[in-house]
>>> print(open('upload21.tsv').read())   # TSV, C-alpha atoms and all ligand atoms
chain	number	residue	atom	x	y	z
F	1	MET	CA	32.00	-5.23	11.99
F	2	SER	CA	32.63	-1.98	10.19
F	3	ASN	CA	31.61	-1.84	6.58
F	4	PRO	CA	31.26	1.17	4.29
F	5	GLY	CA	27.79	-0.03	3.21
F	6	ASN	CA	26.72	-0.30	6.84
F	7	ASP	CA	28.02	3.17	7.64
F	8	ARG	CA	26.09	4.66	4.76
F	9	LEU	CA	22.96	2.87	5.91
F	10	GLU	CA	23.45	4.15	9.48
F	11	GLN	CA	23.79	7.71	8.17
F	12	LEU	CA	20.66	7.30	6.12
F	13	LEU	CA	18.71	5.97	9.11
F	14	SER	CA	19.82	8.80	11.35
F	15	ARG	CA	18.92	11.38	8.71
F	16	PHE	CA	15.54	9.67	8.40
F	17	ALA	CA	15.07	9.87	12.16
F	18	SER	CA	15.74	13.61	12.08
F	19	GLY	CA	12.96	14.09	9.53
F	20	ASP	CA	15.03	14.39	6.36
F	21	ARG	CA	12.79	13.79	3.34
F	22	MET	CA	15.69	12.96	1.07
F	23	ALA	CA	16.52	10.09	3.41
F	24	LEU	CA	12.88	8.97	3.29
F	25	ALA	CA	13.01	9.03	-0.50
F	26	ARG	CA	16.25	7.04	-0.52
F	27	LEU	CA	14.82	4.37	1.76
F	28	ILE	CA	11.73	4.08	-0.43
F	29	THR	CA	14.01	3.59	-3.42
F	30	LEU	CA	15.78	0.77	-1.57
F	31	VAL	CA	12.39	-0.92	-1.18
F	32	GLU	CA	11.54	-0.38	-4.85
F	33	ASN	CA	14.87	-1.89	-5.87
F	34	ARG	CA	14.44	-4.80	-3.46
F	35	SER	CA	17.76	-4.02	-1.87
F	36	ALA	CA	19.24	-6.59	0.49
F	37	ASN	CA	19.22	-3.85	3.15
F	38	VAL	CA	15.44	-3.64	3.24
F	39	ALA	CA	15.06	-6.24	6.00
F	40	THR	CA	17.51	-4.34	8.22
F	41	VAL	CA	15.75	-1.05	7.54
F	42	MET	CA	12.34	-2.53	8.31
F	43	GLU	CA	13.56	-4.18	11.49
F	44	ARG	CA	14.91	-0.88	12.73
F	45	LEU	CA	11.92	1.24	11.80
F	46	TYR	CA	8.97	-1.06	12.35
F	47	SER	CA	6.82	-0.02	15.24
F	48	GLY	CA	3.66	-1.97	14.48
F	49	VAL	CA	1.40	0.42	16.31
F	50	GLY	CA	0.94	4.06	15.69
F	51	ASN	CA	-1.42	6.93	15.34
F	52	THR	CA	-1.26	6.98	11.57
F	53	HIS	CA	-4.52	6.47	9.74
F	54	VAL	CA	-3.84	4.47	6.58
F	55	ILE	CA	-6.54	5.10	3.99
F	56	GLY	CA	-6.80	3.03	0.82
F	57	ILE	CA	-8.57	4.54	-2.17
F	58	THR	CA	-9.37	2.17	-4.99
F	59	GLY	CA	-11.67	1.84	-7.98
F	60	PRO	CA	-11.56	1.79	-11.76
F	61	PRO	CA	-9.18	4.08	-13.69
F	62	GLY	CA	-10.71	7.45	-14.42
F	63	ALA	CA	-13.20	7.34	-11.53
F	64	GLY	CA	-11.62	10.47	-10.08
F	65	LYS	CA	-9.52	8.98	-7.28
F	66	SER	CA	-6.53	11.27	-7.77
F	67	THR	CA	-8.77	14.33	-8.00
F	68	LEU	CA	-10.50	13.21	-4.82
F	69	ILE	CA	-7.15	12.72	-3.07
F	70	ASP	CA	-6.01	16.15	-4.14
F	71	ARG	CA	-9.12	17.70	-2.52
F	72	LEU	CA	-8.78	15.49	0.51
F	73	ILE	CA	-5.20	16.66	1.03
F	74	LYS	CA	-6.45	20.25	1.18
F	75	LYS	CA	-9.00	19.36	3.85
F	76	LEU	CA	-6.47	17.46	5.94
F	77	ARG	CA	-3.87	20.21	5.58
F	78	ALA	CA	-6.45	22.73	6.78
F	79	ARG	CA	-6.41	20.90	10.10
F	80	LYS	CA	-2.62	20.74	10.11
F	81	GLN	CA	-2.27	17.04	9.47
F	82	GLN	CA	0.85	15.69	7.80
F	83	VAL	CA	-0.22	13.71	4.74
F	84	ALA	CA	1.59	11.16	2.59
F	85	VAL	CA	0.24	9.75	-0.65
F	86	LEU	CA	1.47	6.52	-2.21
F	87	ALA	CA	0.09	6.21	-5.72
F	88	ILE	CA	0.27	2.73	-7.20
F	89	ASP	CA	-1.11	3.52	-10.59
F	90	PRO	CA	0.72	3.93	-13.86
F	91	SER	CA	-1.81	6.49	-15.05
F	92	SER	CA	-1.83	8.51	-11.85
F	93	PRO	CA	-1.10	12.21	-12.15
F	94	PHE	CA	1.25	11.72	-9.20
F	95	SER	CA	3.38	9.36	-11.25
F	96	GLY	CA	5.13	9.54	-14.58
F	97	GLY	CA	2.51	9.56	-17.31
F	98	ALA	CA	0.75	12.72	-16.29
F	99	VAL	CA	-1.08	15.06	-18.62
F	100	LEU	CA	-0.44	18.74	-18.18
F	101	GLY	CA	-3.61	19.52	-16.24
F	102	ASP	CA	-2.78	16.87	-13.69
F	103	ARG	CA	0.73	18.21	-13.19
F	104	VAL	CA	-0.73	21.60	-12.40
F	105	ARG	CA	-3.09	20.03	-9.91
F	106	MET	CA	-0.32	18.17	-8.15
F	107	GLY	CA	1.72	21.36	-8.22
F	108	ASP	CA	-0.72	22.83	-5.69
F	109	HIS	CA	1.00	20.82	-2.99
F	110	TYR	CA	4.51	21.24	-4.29
F	111	GLY	CA	6.73	22.77	-1.66
F	112	ASP	CA	4.26	22.10	1.15
F	113	PRO	CA	6.41	20.34	3.78
F	114	GLY	CA	3.27	18.75	5.23
F	115	VAL	CA	2.57	16.75	2.08
F	116	TYR	CA	4.65	13.94	0.62
F	117	ILE	CA	3.60	12.37	-2.67
F	118	ARG	CA	5.29	9.33	-4.11
F	119	SER	CA	4.37	6.93	-6.85
F	120	LEU	CA	5.32	3.29	-6.90
F	121	SER	CA	6.13	1.93	-10.29
F	122	THR	CA	4.20	-1.16	-11.22
F	123	ARG	CA	7.13	-3.07	-12.62
F	124	GLY	CA	7.91	-6.34	-10.91
F	125	SER	CA	5.68	-9.15	-9.80
F	126	HIS	CA	2.25	-8.67	-8.35
F	127	GLY	CA	3.05	-10.24	-5.01
F	128	GLY	CA	6.15	-8.08	-4.92
F	129	LEU	CA	4.06	-4.99	-5.46
F	130	SER	CA	1.88	-5.44	-2.41
F	131	ARG	CA	4.95	-6.35	-0.35
F	132	ALA	CA	6.69	-3.16	-1.49
F	133	ALA	CA	3.54	-1.14	-0.73
F	134	ARG	CA	3.42	-2.57	2.79
F	135	GLN	CA	7.07	-1.75	3.39
F	136	ILE	CA	6.71	1.79	2.08
F	137	VAL	CA	3.68	2.34	4.30
F	138	THR	CA	5.80	1.17	7.25
F	139	LEU	CA	8.44	3.76	6.29
F	140	LEU	CA	5.82	6.50	6.03
F	141	GLU	CA	4.37	5.50	9.41
F	142	ALA	CA	7.84	5.62	10.94
F	143	PHE	CA	8.26	9.07	9.43
F	144	LYS	CA	5.23	10.03	11.56
F	145	PHE	CA	2.72	11.13	8.97
F	146	ASP	CA	-0.75	11.54	10.45
F	147	VAL	CA	-2.51	10.20	7.38
F	148	ILE	CA	-1.23	7.93	4.62
F	149	ILE	CA	-3.34	7.61	1.49
F	150	VAL	CA	-2.70	4.68	-0.84
F	151	GLU	CA	-4.21	4.95	-4.31
F	152	THR	CA	-4.59	1.87	-6.50
F	153	ALA	CA	-6.35	1.67	-9.84
F	154	GLY	CA	-8.18	-1.31	-11.16
F	155	VAL	CA	-10.42	-4.08	-9.99
F	156	GLY	CA	-8.17	-7.11	-9.53
F	157	GLN	CA	-6.49	-9.28	-6.93
F	158	THR	CA	-3.58	-6.83	-6.66
F	159	GLU	CA	-5.95	-4.10	-5.51
F	160	LEU	CA	-7.52	-6.45	-2.97
F	161	ASP	CA	-4.07	-7.41	-1.64
F	162	ILE	CA	-2.85	-3.85	-1.40
F	163	MET	CA	-6.03	-2.59	0.23
F	164	ASP	CA	-5.47	-5.18	2.96
F	165	LEU	CA	-2.90	-2.84	4.45
F	166	ALA	CA	-5.33	0.05	4.86
F	167	HIS	CA	-7.30	0.71	8.03
F	168	THR	CA	-10.05	2.28	5.98
F	169	THR	CA	-10.80	1.33	2.39
F	170	VAL	CA	-12.67	3.75	0.16
F	171	VAL	CA	-14.08	2.27	-3.05
F	172	VAL	CA	-14.72	4.92	-5.68
F	173	THR	CA	-17.18	4.39	-8.47
F	174	VAL	CA	-18.98	6.59	-11.01
F	175	PRO	CA	-22.56	6.78	-12.36
F	176	GLU	CA	-21.59	5.37	-15.77
F	177	GLY	CA	-23.11	2.07	-16.85
F	178	GLY	CA	-21.92	-1.13	-15.28
F	179	ASP	CA	-19.40	0.39	-12.96
F	180	GLY	CA	-21.17	-0.69	-9.80
F	181	ILE	CA	-21.55	-4.22	-11.14
F	182	GLN	CA	-17.85	-4.37	-12.00
F	183	ILE	CA	-17.03	-3.38	-8.43
F	184	MET	CA	-19.24	-6.11	-7.01
F	185	LYS	CA	-17.90	-8.77	-9.36
F	186	ALA	CA	-14.36	-7.91	-8.37
F	187	GLY	CA	-15.21	-8.30	-4.70
F	188	LEU	CA	-14.28	-4.70	-3.99
F	189	ASN	CA	-17.67	-4.21	-2.33
F	190	GLU	CA	-16.61	-6.70	0.33
F	191	ILE	CA	-13.57	-4.71	1.34
F	192	ALA	CA	-15.21	-1.27	1.21
F	193	ASP	CA	-15.57	0.63	4.45
F	194	ILE	CA	-16.86	3.66	2.57
F	195	PHE	CA	-18.35	3.85	-0.92
F	196	VAL	CA	-17.98	7.00	-2.96
F	197	VAL	CA	-20.01	7.61	-6.10
F	198	ASN	CA	-17.92	10.34	-7.70
F	199	LYS	CA	-18.93	12.48	-10.70
F	200	ALA	CA	-22.33	12.92	-9.08
F	201	ASP	CA	-22.80	15.84	-11.47
F	202	ARG	CA	-23.60	13.18	-14.06
F	203	ASP	CA	-26.86	11.27	-14.56
F	204	GLY	CA	-27.45	8.07	-12.68
F	205	ALA	CA	-25.52	8.80	-9.50
F	206	ASP	CA	-28.59	8.27	-7.32
F	207	ARG	CA	-29.30	4.93	-8.97
F	208	VAL	CA	-25.75	3.65	-8.34
F	209	LYS	CA	-25.97	4.93	-4.77
F	210	ALA	CA	-29.23	3.03	-4.25
F	211	GLU	CA	-27.70	-0.15	-5.72
F	212	LEU	CA	-24.71	0.04	-3.42
F	213	GLU	CA	-26.92	0.78	-0.41
F	214	LEU	CA	-29.03	-2.24	-1.21
F	215	ASN	CA	-25.88	-4.33	-1.41
F	216	VAL	CA	-24.73	-3.07	1.98
F	217	HIS	CA	-28.17	-3.75	3.41
F	218	LEU	CA	-28.25	-7.33	2.06
F	219	ARG	CA	-24.94	-8.14	3.64
F	220	ALA	CA	-26.70	-7.38	6.94
F	221	ASP	CA	-23.43	-7.32	8.81
F	222	ALA	CA	-23.57	-6.29	12.43
F	223	GLY	CA	-21.10	-3.55	13.20
F	224	TRP	CA	-19.80	-1.06	10.68
F	225	ARG	CA	-22.15	-0.37	7.80
F	226	PRO	CA	-20.34	1.21	4.86
F	227	PRO	CA	-21.93	4.56	4.04
F	228	VAL	CA	-22.45	5.49	0.39
F	229	LEU	CA	-21.46	9.08	-0.42
F	230	LEU	CA	-21.98	11.23	-3.48
F	231	THR	CA	-19.07	13.46	-4.45
F	232	GLU	CA	-18.01	15.78	-7.24
F	233	ALA	CA	-14.27	15.83	-6.74
F	234	ALA	CA	-13.70	18.13	-9.71
F	235	ASN	CA	-16.12	20.68	-8.19
F	236	ASP	CA	-14.90	20.15	-4.63
F	237	ARG	CA	-18.30	18.89	-3.50
F	238	GLY	CA	-18.98	16.25	-0.88
F	239	LEU	CA	-15.49	16.27	0.58
F	240	ASP	CA	-16.53	17.34	4.09
F	241	ALA	CA	-18.84	14.34	4.32
F	242	LEU	CA	-16.01	12.07	3.18
F	243	VAL	CA	-13.64	13.48	5.79
F	244	ALA	CA	-16.34	13.03	8.45
F	245	GLN	CA	-16.86	9.38	7.51
F	246	LEU	CA	-13.12	8.71	7.42
F	247	ASP	CA	-12.87	10.10	10.95
F	248	ARG	CA	-15.91	8.15	12.05
F	249	HIS	CA	-14.44	4.88	10.74
F	250	TRP	CA	-11.07	5.53	12.36
F	251	GLU	CA	-12.80	6.15	15.69
F	252	TYR	CA	-14.94	3.07	15.18
F	253	LEU	CA	-11.84	0.92	14.67
F	254	ARG	CA	-10.24	2.23	17.81
F	255	ALA	CA	-13.39	1.73	19.86
F	256	HIS	CA	-14.06	-1.79	18.54
F	257	LYS	CA	-10.74	-3.60	18.74
F	258	ASP	CA	-11.08	-7.13	17.42
F	259	PRO	CA	-8.41	-9.32	19.06
F	260	GLN	CA	-9.17	-12.23	16.73
F	261	ALA	CA	-8.72	-10.10	13.62
F	262	GLU	CA	-5.66	-8.44	15.10
F	263	ARG	CA	-4.09	-11.84	15.75
F	264	GLN	CA	-4.92	-13.02	12.25
F	265	HIS	CA	-3.36	-9.88	10.87
F	266	ARG	CA	-0.14	-10.44	12.86
F	267	VAL	CA	0.14	-14.06	11.75
F	268	HIS	CA	-0.47	-13.09	8.14
F	269	GLU	CA	2.14	-10.37	8.34
F	270	PHE	CA	4.67	-12.71	9.94
F	271	ILE	CA	4.22	-15.31	7.20
F	272	GLU	CA	4.43	-12.65	4.52
F	273	ILE	CA	7.70	-11.28	5.90
F	274	LEU	CA	9.16	-14.77	6.35
F	275	THR	CA	8.29	-15.94	2.83
F	276	GLY	CA	9.48	-12.65	1.39
F	277	GLN	CA	12.87	-12.95	3.04
F	278	LEU	CA	13.24	-16.63	2.21
F	279	GLU	CA	12.53	-15.74	-1.40
F	280	GLU	CA	15.15	-12.98	-1.39
F	281	ARG	CA	17.70	-15.32	0.16
F	282	ALA	CA	16.92	-18.02	-2.37
F	283	ARG	CA	17.55	-15.55	-5.18
F	284	ASN	CA	20.80	-14.42	-3.59
F	285	ALA	CA	21.88	-18.05	-3.15
F	286	MET	CA	22.24	-18.63	-6.87
F	287	ASP	CA	25.98	-18.07	-6.69
F	288	ASP	CA	26.41	-20.50	-3.79
F	289	GLN	CA	28.50	-23.44	-5.06
F	290	ARG	CA	26.12	-26.21	-4.04
F	291	VAL	CA	23.07	-24.35	-5.30
F	292	HIS	CA	24.85	-23.50	-8.50
F	293	ALA	CA	25.74	-27.15	-9.11
F	294	LEU	CA	22.13	-28.23	-8.58
F	295	VAL	CA	20.80	-25.51	-10.87
F	296	GLU	CA	23.29	-26.54	-13.55
F	297	SER	CA	22.12	-30.16	-13.33
F	298	VAL	CA	18.54	-28.98	-13.72
F	299	CYS	CA	19.47	-26.84	-16.73
F	300	ALA	CA	21.34	-29.76	-18.31
F	301	GLY	CA	18.24	-31.92	-17.94
F	302	LYS	CA	20.02	-34.33	-15.58
F	303	LEU	CA	17.87	-33.54	-12.59
F	304	ASN	CA	14.27	-32.44	-12.31
F	305	PRO	CA	13.74	-29.24	-10.32
F	306	TYR	CA	11.68	-30.94	-7.60
F	307	SER	CA	14.49	-33.40	-6.93
F	308	ALA	CA	17.02	-30.58	-6.94
F	309	VAL	CA	15.05	-28.52	-4.42
F	310	ARG	CA	14.41	-31.56	-2.21
F	311	MET	CA	18.14	-32.39	-2.23
F	312	LEU	CA	18.93	-28.84	-1.24
F	313	LEU	CA	16.32	-28.74	1.54
F	314	ASP	CA	17.56	-32.11	2.86
F	315	ASP	CA	21.14	-30.84	3.04
F	316	ALA	CA	21.12	-29.22	6.45
F	317	SER	CA	24.56	-27.68	6.15
F	318	ALA	CA	23.85	-26.18	2.73
F	319	MET	CA	20.55	-24.77	4.01
F	320	GLY	CA	22.20	-23.39	7.11
F	321	ALA	CA	24.79	-21.58	5.06
F	322	LEU	CA	22.19	-20.32	2.65
F	323	LEU	CA	19.77	-19.03	5.28
F	324	SER	CA	22.37	-17.31	7.41
F	325	LYS	CA	23.86	-15.52	4.46
F	326	THR	CA	23.47	-11.77	4.77
F	327	VAL	CA	24.31	-9.57	1.89
F	328	VAL	CA	25.08	-5.91	2.34
F	329	ASP	CA	24.71	-3.53	-0.53
F	330	SER	CA	23.79	0.12	-0.71
F	401	LIG	N1	-17.53	15.39	-14.36
F	401	LIG	C1	-16.67	15.13	-13.40
F	401	LIG	N2	-15.40	14.80	-13.71
F	401	LIG	C2	-14.54	14.52	-12.72
F	401	LIG	C3	-14.92	14.56	-11.36
F	401	LIG	N3	-13.87	14.22	-10.60
F	401	LIG	C4	-12.85	13.97	-11.46
F	401	LIG	N4	-13.23	14.15	-12.73
F	401	LIG	C5	-12.42	14.01	-13.94
F	401	LIG	O1	-12.23	12.64	-14.23
F	401	LIG	C6	-10.96	12.45	-14.88
F	401	LIG	C7	-10.18	11.35	-14.19
F	401	LIG	O2	-9.81	11.80	-12.91
F	401	LIG	P1	-8.62	11.16	-12.07
F	401	LIG	O3	-8.65	11.82	-10.73
F	401	LIG	O4	-7.35	11.19	-12.82
F	401	LIG	O5	-9.13	9.64	-11.96
F	401	LIG	P2	-8.38	8.34	-11.38
F	401	LIG	O6	-7.86	7.57	-12.54
F	401	LIG	O7	-9.45	7.58	-10.68
F	401	LIG	O8	-7.31	8.79	-10.45
F	401	LIG	C8	-10.25	13.78	-14.85
F	401	LIG	O9	-10.40	14.39	-16.09
F	401	LIG	C9	-11.01	14.54	-13.78
F	401	LIG	O10	-10.98	15.94	-13.98
F	401	LIG	C10	-16.28	14.93	-11.05
F	401	LIG	O11	-16.71	14.98	-9.91
F	401	LIG	N5	-17.09	15.19	-12.12
F	402	MG	MG	-5.32	8.27	-10.36
>>> encode(input="upload21.tsv", output="structure tokens")
Amino acid sequence: MSNPGNDRLEQLLSRFASGDRMALARLITLVENRSANVATVMERLYSGVGNTHVIGITGPPGAGKSTLIDRLIKKLRARKQQVAVLAIDPSSPFSGGAVLGDRVRMGDHYGDPGVYIRSLSTRGSHGGLSRAARQIVTLLEAFKFDVIIVETAGVGQTELDIMDLAHTTVVVTVPEGGDGIQIMKAGLNEIADIFVVNKADRDGADRVKAELELNVHLRADAGWRPPVLLTEAANDRGLDALVAQLDRHWEYLRAHKDPQAERQHRVHEFIEILTGQLEERARNAMDDQRVHALVESVCAGKLNPYSAVRMLLDDASAMGALLSKTVVDS
């Protein structure tokens, strides 16, 4: 069936396939806006396996993550790798609220066709944020970047969810009081593949390093043992060691495939996609006559919402119509 919306989408997808960054940007915007076309786009572009190393960098605001990423980009560019950065951080220099110095820093990569930097606004629900991050990473993988770096700021569940999509998670901390403890309380230590104590030019870096090493030691996990690195991102120190450990972890993952974990990951992803699309369809169903009538009864206090939802779920023909509904926008 020909449809102007479909034609536009086809054009966008073919421009994307030919390496057009404007098309990449447009598709990312579709994800941000939760467009009804996202499922189609994902289905077409998903490959599931690739040679892209997805690196998550997380830790408290101000720890120096963006500075570290900026230096990391330089190292990766020096070996001709194509790098994408997805910054999920309202205070990130890569996103809106940048101070002048940060804009200059980011400007170093401006115009370099091997670097793509994009920020994801934090509006919308938390679950929605990690879903959007996952979809954007899929787009960036399909665009064939060699390395994708995802930056998140904070020490909450959102960070843990988002970091789940990274192959390698780097947890950045600083020597200042209590930072290491905050990391451990938040459970970030459990997802770390590499610890970085940044701002090692300040007092106390060795102490935090020793604390984190003790923590790693106590976990006594066979297999990968997260190294603890000291860096001074602002002074460009310690970056070679970080790159070496990132490479080492990537090689480790490829040499130690874990079928159980891989399976778990696939199941988790499947459920996430299914629930996401059911949710979208439920939202789009609000103008369906039967759904509308039920919602009105709930609003009028004539029906409780559990009864309304049960009645809808029990109505096979209403559900069939609702679930098969595809909406095309652009
Ligand atoms: N003293 C010192 N300051 C640093 C270092 N790395 C970054 N900073 C500064 O820390 C501040 C926060 O850095 P930023 O990269 O924006 O942190 P983010 O919020 O974790 O992304 C900036 O003023 C940086 O210049 C470092 O190694 N030593
Ligand atoms: Mg930042």
>>> residues_around(input="upload21.tsv", residues="range 238-243 of chain F", least_positions_apart="3", cutoff="10 Å", atoms="all atoms listed in the file", output="PDB file with C-alpha atoms, in the coordinates of the input")
ATOM      1  CA  LEU F  68     -10.500  13.210  -4.820  1.00  0.00           C
ATOM      2  CA  ILE F  69      -7.150  12.720  -3.070  1.00  0.00           C
ATOM      3  CA  ARG F  71      -9.120  17.700  -2.520  1.00  0.00           C
ATOM      4  CA  LEU F  72      -8.780  15.490   0.510  1.00  0.00           C
ATOM      5  CA  LYS F  74      -6.450  20.250   1.180  1.00  0.00           C
ATOM      6  CA  LYS F  75      -9.000  19.360   3.850  1.00  0.00           C
ATOM      7  CA  LEU F  76      -6.470  17.460   5.940  1.00  0.00           C
ATOM      8  CA  VAL F 170     -12.670   3.750   0.160  1.00  0.00           C
ATOM      9  CA  ILE F 194     -16.860   3.660   2.570  1.00  0.00           C
ATOM     10  CA  PHE F 195     -18.350   3.850  -0.920  1.00  0.00           C
ATOM     11  CA  VAL F 196     -17.980   7.000  -2.960  1.00  0.00           C
ATOM     12  CA  ASN F 198     -17.920  10.340  -7.700  1.00  0.00           C
ATOM     13  CA  ALA F 200     -22.330  12.920  -9.080  1.00  0.00           C
ATOM     14  CA  PRO F 227     -21.930   4.560   4.040  1.00  0.00           C
ATOM     15  CA  VAL F 228     -22.450   5.490   0.390  1.00  0.00           C
ATOM     16  CA  LEU F 229     -21.460   9.080  -0.420  1.00  0.00           C
ATOM     17  CA  LEU F 230     -21.980  11.230  -3.480  1.00  0.00           C
ATOM     18  CA  THR F 231     -19.070  13.460  -4.450  1.00  0.00           C
ATOM     19  CA  GLU F 232     -18.010  15.780  -7.240  1.00  0.00           C
ATOM     20  CA  ALA F 233     -14.270  15.830  -6.740  1.00  0.00           C
ATOM     21  CA  ASN F 235     -16.120  20.680  -8.190  1.00  0.00           C
ATOM     22  CA  LEU F 246     -13.120   8.710   7.420  1.00  0.00           C
ATOM     23  CA  ASP F 247     -12.870  10.100  10.950  1.00  0.00           C
ATOM     24  CA  ARG F 248     -15.910   8.150  12.050  1.00  0.00           C
ATOM     25  CA  HIS F 249     -14.440   4.880  10.740  1.00  0.00           C
TER      26      HIS F 249
END
>>> closest_residue(input="upload21.tsv", among="F:Ala39, F:Ile73, F:Cys299, F:Ile88", to="ligand MG 402 (chain F)", atoms="only C-alpha atoms and all ligand atoms")
F:Ile88
>>> closest_residue(input="upload21.tsv", among="F:Glu190, F:Asp288, F:Glu151, F:Glu10", to="Ala166 in chain F", atoms="all atoms listed in the file")
F:Glu151
>>> closest_atom_pairs(input="upload21.tsv", of="chain F", to="ligand LIG 401 (chain F)", cutoff="7 Å", atoms="all atoms listed in the file", output="tab-separated table")
residue	atom	partner	partner_atom	distance
F:Gly59	CA	F:LIG401	O7	6.7
F:Pro60	CA	F:LIG401	O7	6.3
F:Pro61	CA	F:LIG401	O6	3.9
F:Gly62	CA	F:LIG401	O6	3.4
F:Ala63	CA	F:LIG401	O7	3.9
F:Gly64	CA	F:LIG401	O5	3.2
F:Lys65	CA	F:LIG401	O7	3.7
F:Ser66	CA	F:LIG401	O3	3.7
F:Thr67	CA	F:LIG401	O3	3.7
F:Leu68	CA	F:LIG401	O3	6.3
F:Ser91	CA	F:LIG401	O6	6.6
F:Ser92	CA	F:LIG401	O8	5.7
F:Pro93	CA	F:LIG401	O4	6.4
F:Ala153	CA	F:LIG401	O6	6.7
F:Asn198	CA	F:LIG401	O11	5.3
F:Lys199	CA	F:LIG401	O11	3.4
F:Ala200	CA	F:LIG401	O11	6.0
F:Asp201	CA	F:LIG401	N5	5.8
F:Arg202	CA	F:LIG401	N1	6.5
F:Thr231	CA	F:LIG401	O11	6.1
F:Glu232	CA	F:LIG401	O11	3.1
F:Ala233	CA	F:LIG401	O11	4.1
F:Ala234	CA	F:LIG401	N3	4.0
F:Asn235	CA	F:LIG401	O11	6.0
>>> closest_residue(input="upload21.tsv", among="F:Gly320, F:Ala142, F:Thr29, F:His268", to="Ala17 in chain F", atoms="only C-alpha atoms")
F:Ala142
>>> closest_residue(input="upload21.tsv", among="F:Ile271, F:Met42, F:Ala318, F:Val54", to="Leu253 in chain F", atoms="all atoms listed in the file")
F:Val54
>>> atom_distance(input="upload21.tsv", atom1="CA of Leu45 in chain F", atom2="CA of Leu139 in chain F")
7.0 Å
>>> atom_distance(input="upload21.tsv", atom1="CA of Ala84 in chain F", atom2="CA of Val147 in chain F")
6.4 Å
>>> closest_residue(input="upload21.tsv", among="F:Pro175, F:Gly50, F:Gly19, F:Gly154", to="ligand MG 402 (chain F)", atoms="all atoms listed in the file")
F:Gly154
>>> closest_residue(input="upload21.tsv", among="F:Asn304, F:Ile57, F:Ala222, F:Ala25", to="ligand MG 402 (chain F)", atoms="all atoms listed in the file")
F:Ile57
>>> atom_distance(input="upload21.tsv", atom1="CA of Pro113 in chain F", atom2="CA of Arg237 in chain F")
25.8 Å
>>> residues_near_point(input="upload21.tsv", point="(-17.0, -3.4, -5.2)", cutoff="12 Å", atoms="all atoms listed in the file", output="PDB file with C-alpha atoms, in the frame of the given file")
ATOM      1  CA  ILE F  57      -8.570   4.540  -2.170  1.00  0.00           C
ATOM      2  CA  THR F  58      -9.370   2.170  -4.990  1.00  0.00           C
ATOM      3  CA  GLY F  59     -11.670   1.840  -7.980  1.00  0.00           C
ATOM      4  CA  PRO F  60     -11.560   1.790 -11.760  1.00  0.00           C
ATOM      5  CA  GLY F 154      -8.180  -1.310 -11.160  1.00  0.00           C
ATOM      6  CA  VAL F 155     -10.420  -4.080  -9.990  1.00  0.00           C
ATOM      7  CA  GLY F 156      -8.170  -7.110  -9.530  1.00  0.00           C
ATOM      8  CA  GLU F 159      -5.950  -4.100  -5.510  1.00  0.00           C
ATOM      9  CA  LEU F 160      -7.520  -6.450  -2.970  1.00  0.00           C
ATOM     10  CA  THR F 169     -10.800   1.330   2.390  1.00  0.00           C
ATOM     11  CA  VAL F 170     -12.670   3.750   0.160  1.00  0.00           C
ATOM     12  CA  VAL F 171     -14.080   2.270  -3.050  1.00  0.00           C
ATOM     13  CA  VAL F 172     -14.720   4.920  -5.680  1.00  0.00           C
ATOM     14  CA  THR F 173     -17.180   4.390  -8.470  1.00  0.00           C
ATOM     15  CA  VAL F 174     -18.980   6.590 -11.010  1.00  0.00           C
ATOM     16  CA  GLY F 178     -21.920  -1.130 -15.280  1.00  0.00           C
ATOM     17  CA  ASP F 179     -19.400   0.390 -12.960  1.00  0.00           C
ATOM     18  CA  GLY F 180     -21.170  -0.690  -9.800  1.00  0.00           C
ATOM     19  CA  ILE F 181     -21.550  -4.220 -11.140  1.00  0.00           C
ATOM     20  CA  GLN F 182     -17.850  -4.370 -12.000  1.00  0.00           C
ATOM     21  CA  ILE F 183     -17.030  -3.380  -8.430  1.00  0.00           C
ATOM     22  CA  MET F 184     -19.240  -6.110  -7.010  1.00  0.00           C
ATOM     23  CA  LYS F 185     -17.900  -8.770  -9.360  1.00  0.00           C
ATOM     24  CA  ALA F 186     -14.360  -7.910  -8.370  1.00  0.00           C
ATOM     25  CA  GLY F 187     -15.210  -8.300  -4.700  1.00  0.00           C
ATOM     26  CA  LEU F 188     -14.280  -4.700  -3.990  1.00  0.00           C
ATOM     27  CA  ASN F 189     -17.670  -4.210  -2.330  1.00  0.00           C
ATOM     28  CA  GLU F 190     -16.610  -6.700   0.330  1.00  0.00           C
ATOM     29  CA  ILE F 191     -13.570  -4.710   1.340  1.00  0.00           C
ATOM     30  CA  ALA F 192     -15.210  -1.270   1.210  1.00  0.00           C
ATOM     31  CA  ASP F 193     -15.570   0.630   4.450  1.00  0.00           C
ATOM     32  CA  ILE F 194     -16.860   3.660   2.570  1.00  0.00           C
ATOM     33  CA  PHE F 195     -18.350   3.850  -0.920  1.00  0.00           C
ATOM     34  CA  VAL F 196     -17.980   7.000  -2.960  1.00  0.00           C
ATOM     35  CA  VAL F 197     -20.010   7.610  -6.100  1.00  0.00           C
ATOM     36  CA  VAL F 208     -25.750   3.650  -8.340  1.00  0.00           C
ATOM     37  CA  GLU F 211     -27.700  -0.150  -5.720  1.00  0.00           C
ATOM     38  CA  LEU F 212     -24.710   0.040  -3.420  1.00  0.00           C
ATOM     39  CA  GLU F 213     -26.920   0.780  -0.410  1.00  0.00           C
ATOM     40  CA  ASN F 215     -25.880  -4.330  -1.410  1.00  0.00           C
ATOM     41  CA  VAL F 216     -24.730  -3.070   1.980  1.00  0.00           C
ATOM     42  CA  PRO F 226     -20.340   1.210   4.860  1.00  0.00           C
ATOM     43  CA  VAL F 228     -22.450   5.490   0.390  1.00  0.00           C
TER      44      VAL F 228
END
